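Some notes on the structure that comes next.
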Amino acid sequence: MIRLIMHGCNGKMGQVISNIVAQDPEAELVAGIDMRDDGHNPYPVFTDISACDVEADVLIDFSAAPAVDRLLDYCVARRLPCVLCTTGLSPRQLARVEEVSREVAVVRSANMSLGVNLLLKLLKEAAGVLSPAGFDIEIVEKHHNQKVDAPSGTALALADSINEELDNTCEYIYDRSQRREKRDKKEIGISAVRGGTIVGEHDVIFAGEDEVVTFSHSAYSKAVFAKGAVQAGKFLAGKPAGLYDMSHVIDAQV
C-alpha cells in the first residue's frame, strides 16, 4: 500500500484525487495539507505544512505557485518524494526543483494526462517534418475562467517539445498587438483563452501553403489529470533521487 499526502487537498483537483485514491486498492491518503480545514476529509488535514508529521511514501501537489517553495523545503527535510503538478512556477522555482531533485525523487509535469504526454512525442515528429517544409506553428489553449496563469503549463510544454526538435531555435510570441511586422518563420505563437468551465483544450496548428495540420487534445473532466497524478505517485514510491516526468511513468506501465 502506497501512503500518500495530498498537498492542496481541499482544492478541486485535490478532492478529485482524494476520491480516486479512495477507490484504489494500492494507495491510501494518510494526510492532507491545505490553507483551510473544513473537517470533511477522512484523513487529517494540516493548515501548516511544517506541522504535518504523518509518515508517508509520496506527496502529491496540486496547489498554487506561492505554496511550492515551502513544499520543496518540506520534501527535502523529510526525504519525501514529490509529484509536482502545480504550474506557473517562476524560473527561480524551476531552478529550485532541479536542486531538490538531486536529493529526493520528483515527478514534474505540466500535464498529467496520458493523451497529452503522447501528444508531446507526436509533435516532435511532426515538427521535424513540417517546420523545414515552411509550416508556421501556433498553439491555442483554452481553460476555465478561474485559471490564473497564462499561457498554461501544458501549452508551454507543447511548445518546448517542438522547440527541442528544432534545436531550440524558435522564439515564443504571446502577444502581437504591439508588433507591426510580418510573422517570422522561427516563431511559435501561443494564445490563451479563458472562459466558462472549460477543463482544458489545446490545439497545435501547423499552417503551410494551402494546407493546415492540427493536433488537438481536449480534457472533459479533471479526472484525467487526477488519475495520472495517482499513477505518478505509485511510480515514484521508493525511486532514487532524480527528476522524472510522465514519460517515465508511462514507460513503467508498458
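Naming works like this for the C-alpha cells: A, B, ... for the chains as they're shown, residue 1 at the start of each chain, ligands 1 onward in shown order.
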
Leaving out Ala226 in chain A and any residue of its chain fewer than 5 positions from it, which residues lie within 7 Å of it when counting only C-alpha atoms, given as an mmCIF file with C-alpha atoms, in the first residue's frame?
```cif
data_model
loop_
_atom_site.group_PDB
_atom_site.id
_atom_site.type_symbol
_atom_site.label_atom_id
_atom_site.label_comp_id
_atom_site.auth_asym_id
_atom_site.auth_seq_id
_atom_site.Cartn_x
_atom_site.Cartn_y
_atom_site.Cartn_z
ATOM 1 C CA MET A 13 -8.068 18.715 -8.059
ATOM 2 C CA VAL A 16 -10.868 14.598 -7.293
ATOM 3 C CA ILE A 17 -7.631 12.849 -6.352
#
```

Could I get the residues of range 67-87 of chain A with an atom no further than 10 Å from an atom of range 112-132 of chain A, each paired with its nearest atom pair and that distance in Å to one decimal, using only C-alpha atoms, sorted by chain and residue number, as a tab-separated table?
```
residue	atom	partner	partner_atom	distance
A:Val83	CA	A:Met112	CA	10.0
A:Leu84	CA	A:Met112	CA	9.9
A:Cys85	CA	A:Met112	CA	7.5
```

Expected file contents, prior selection, N, CA, C and O atoms, as a compact mmCIF listing (two decimals), in the first residue's frame:
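Output contents, as saved in part39.txt:
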```
# COMPACT_ATOMS: atom_id res chain seq x y z
N VAL A 83 5.28 14.41 -6.31
CA VAL A 83 4.68 14.57 -7.63
C VAL A 83 4.22 16.02 -7.72
O VAL A 83 3.26 16.42 -7.06
N LEU A 84 4.92 16.82 -8.51
CA LEU A 84 4.70 18.26 -8.56
C LEU A 84 3.86 18.60 -9.79
O LEU A 84 4.34 18.60 -10.91
N CYS A 85 2.58 18.91 -9.55
CA CYS A 85 1.65 19.18 -10.64
C CYS A 85 1.31 20.66 -10.79
O CYS A 85 0.66 21.04 -11.77
```

*Excluding Asn168 in chain A and residues on its chain fewer than 2 positions from it, collect all residues at most 12 Å away from it, counting only C-alpha atoms, and give them as a list in words.*
Ala127, Ala159, Asp160, Ser161, Ile162, Asn163, Glu164, Glu165, Leu166, Cys170, Glu171, Tyr172, Lys186, Glu187 and Ile188 of chain A

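When only C-alpha atoms are used to measure the gap to Arg96 in chain A, the shortest distance among A:Leu29, A:Leu243, A:Ile190, A:Val140 belongs to A:Leu243.
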
*Surrounding residues of Val148 in chain A excluding itself and chain neighbours under 5 positions, 10 Å, only C-alpha atoms, as an NGL selection string*: :A and (64 or 87-88 or 143 or 194)

Just-selected residues, all heavy atoms written as an mmCIF file, in the first residue's frame:
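What ended up in part-v7.cif:
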```
data_model
loop_
_atom_site.group_PDB
_atom_site.id
_atom_site.type_symbol
_atom_site.label_atom_id
_atom_site.label_comp_id
_atom_site.auth_asym_id
_atom_site.auth_seq_id
_atom_site.Cartn_x
_atom_site.Cartn_y
_atom_site.Cartn_z
ATOM 1 N N ALA A 64 -0.825 25.947 -5.575
ATOM 2 C CA ALA A 64 -0.570 27.202 -6.276
ATOM 3 C C ALA A 64 0.909 27.524 -6.147
ATOM 4 O O ALA A 64 1.567 27.130 -5.173
ATOM 5 C CB ALA A 64 -1.417 28.331 -5.694
ATOM 6 N N THR A 87 1.419 24.403 -11.808
ATOM 7 C CA THR A 87 2.021 25.105 -12.941
ATOM 8 C C THR A 87 2.222 26.585 -12.592
ATOM 9 O O THR A 87 1.870 27.035 -11.513
ATOM 10 C CB THR A 87 1.140 24.976 -14.195
ATOM 11 O OG1 THR A 87 -0.159 25.541 -13.920
ATOM 12 C CG2 THR A 87 0.971 23.521 -14.589
ATOM 13 N N GLY A 88 2.790 27.326 -13.532
ATOM 14 C CA GLY A 88 3.019 28.748 -13.317
ATOM 15 C C GLY A 88 4.201 29.041 -12.429
ATOM 16 O O GLY A 88 4.284 30.117 -11.817
ATOM 17 N N HIS A 143 -8.941 27.436 -21.252
ATOM 18 C CA HIS A 143 -9.212 26.941 -19.910
ATOM 19 C C HIS A 143 -10.334 27.742 -19.263
ATOM 20 O O HIS A 143 -10.740 28.801 -19.763
ATOM 21 C CB HIS A 143 -7.949 27.009 -19.037
ATOM 22 C CG HIS A 143 -6.953 25.936 -19.328
ATOM 23 N ND1 HIS A 143 -5.992 26.061 -20.306
ATOM 24 C CD2 HIS A 143 -6.780 24.701 -18.778
ATOM 25 C CE1 HIS A 143 -5.266 24.949 -20.349
ATOM 26 N NE2 HIS A 143 -5.710 24.115 -19.432
ATOM 27 N N ARG A 194 -9.639 32.232 -21.855
ATOM 28 C CA ARG A 194 -10.171 31.919 -20.525
ATOM 29 C C ARG A 194 -11.685 32.169 -20.524
ATOM 30 O O ARG A 194 -12.134 33.272 -20.836
ATOM 31 C CB ARG A 194 -9.519 32.811 -19.450
ATOM 32 C CG ARG A 194 -8.024 32.571 -19.285
ATOM 33 C CD ARG A 194 -7.755 31.219 -18.638
ATOM 34 N NE ARG A 194 -6.319 30.947 -18.549
ATOM 35 C CZ ARG A 194 -5.639 30.278 -19.470
ATOM 36 N NH1 ARG A 194 -6.249 29.835 -20.560
ATOM 37 N NH2 ARG A 194 -4.353 30.049 -19.322
#
```

*Between A:Arg180, A:His7, A:His144, A:Lys12, single out the one closest to Lys222 in chain A, counting only C-alpha atoms.*
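So, comparing all the options, the nearest one is A:Lys12.
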
*Check range 32-75 of chain A with DSSP on the backbone and list each residue it calls strand (DSSP E), as a PyMOL selection string.*
chain A and resi 32-33+45-46+58-61

*Tell me which protein, DNA and RNA residues are within 12 Å of Ala95 in chain A, counting only C-alpha atoms, leaving out same-chain ones fewer than 5 positions away, and put them as a list of chain:residue names.*
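The contact residues come out as A:Asp69, A:Leu72, A:Leu89, A:Ser90, A:Val100, A:Ser101, A:Arg102, A:Leu243.
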
Output N, CA and C atoms for every residue in the selection just made, as a tab-separated table (two decimals), in the first residue's frame.
```tsv
chain	number	residue	atom	x	y	z
A	69	ASP	N	7.39	26.79	-2.67
A	69	ASP	CA	8.69	26.96	-2.00
A	69	ASP	C	8.75	26.18	-0.70
A	72	LEU	N	8.73	22.33	-1.27
A	72	LEU	CA	10.02	21.74	-1.65
A	72	LEU	C	10.93	21.60	-0.44
A	89	LEU	N	5.16	28.11	-12.32
A	89	LEU	CA	6.33	28.31	-11.47
A	89	LEU	C	7.30	29.30	-12.13
A	90	SER	N	7.96	30.11	-11.30
A	90	SER	CA	8.91	31.09	-11.79
A	90	SER	C	10.22	30.39	-12.17
A	100	VAL	N	16.29	20.31	-5.75
A	100	VAL	CA	15.63	19.36	-4.86
A	100	VAL	C	15.70	17.94	-5.44
A	101	SER	N	15.60	17.83	-6.76
A	101	SER	CA	15.60	16.51	-7.40
A	101	SER	C	16.94	15.79	-7.24
A	102	ARG	N	17.97	16.51	-6.83
A	102	ARG	CA	19.25	15.85	-6.57
A	102	ARG	C	19.26	15.18	-5.19
A	243	LEU	N	14.99	13.76	-11.32
A	243	LEU	CA	13.86	14.49	-11.88
A	243	LEU	C	13.21	13.62	-12.96
```

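Distances here use only C-alpha atoms; by that measure, the residue among A:Gly11, A:Gly134, A:Pro81, A:Pro42 closest to Asp210 in chain A is A:Gly134.
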
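Between CA of Val58 in chain A and CA of Val106 in chain A the separation is 9.5 Å.
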
*Nearest to Val21 in chain A, chosen from A:Gly233, A:Thr197, A:Cys75, A:Leu158, with only C-alpha atoms counted in the distances*: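 The shortest atom-to-atom distance to Val21 in chain A comes from A:Gly233.
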
*Computed interatomic separation between CA of Ala232 in chain A and CA of Val249 in chain A (Å)*: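 Taking CA of Ala232 in chain A and CA of Val249 in chain A, their separation equals 5.9 Å.
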
Taking 4 positions as the minimum chain separation for residues in the same chain, which residues sit within 6 Å of Asp34 in chain A when counting only C-alpha atoms? Answer as a PDB file with C-alpha atoms, in the first residue's frame.
```pdb
ATOM      1  CA  GLY A   8      -3.801  21.215  -1.797  1.00  0.00           C
ATOM      2  CA  CYS A   9      -6.295  18.603  -0.643  1.00  0.00           C
ATOM      3  CA  THR A  47      -3.058  24.051   7.576  1.00  0.00           C
TER       4      THR A  47
END
```

*Could you tell me which of A:Asn10, A:Thr214, A:Asn145, A:Gln93 comes closest to Gly39 in chain A if we count only C-alpha atoms?*
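Checking each of A:Asn10, A:Thr214, A:Asn145, A:Gln93 against Gly39 in chain A, counting only C-alpha atoms, the winner is A:Asn10.
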
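What separates CA of Phe235 in chain A from CA of Asn111 in chain A is a distance of 16.2 Å.
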
*Looking at A:Arg183, A:Lys147, A:Phe62, A:Met35, which one is nearest to Ile5 in chain A, with distances taken over only C-alpha atoms?*
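Residue with the minimum atom-to-atom distance to Ile5 in chain A: A:Phe62.
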
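Residues within 7 Å of Ser216 in chain A, counting only C-alpha atoms and excluding same-chain residues fewer than 5 positions away, are A:His202, A:Asp203, A:Val204.
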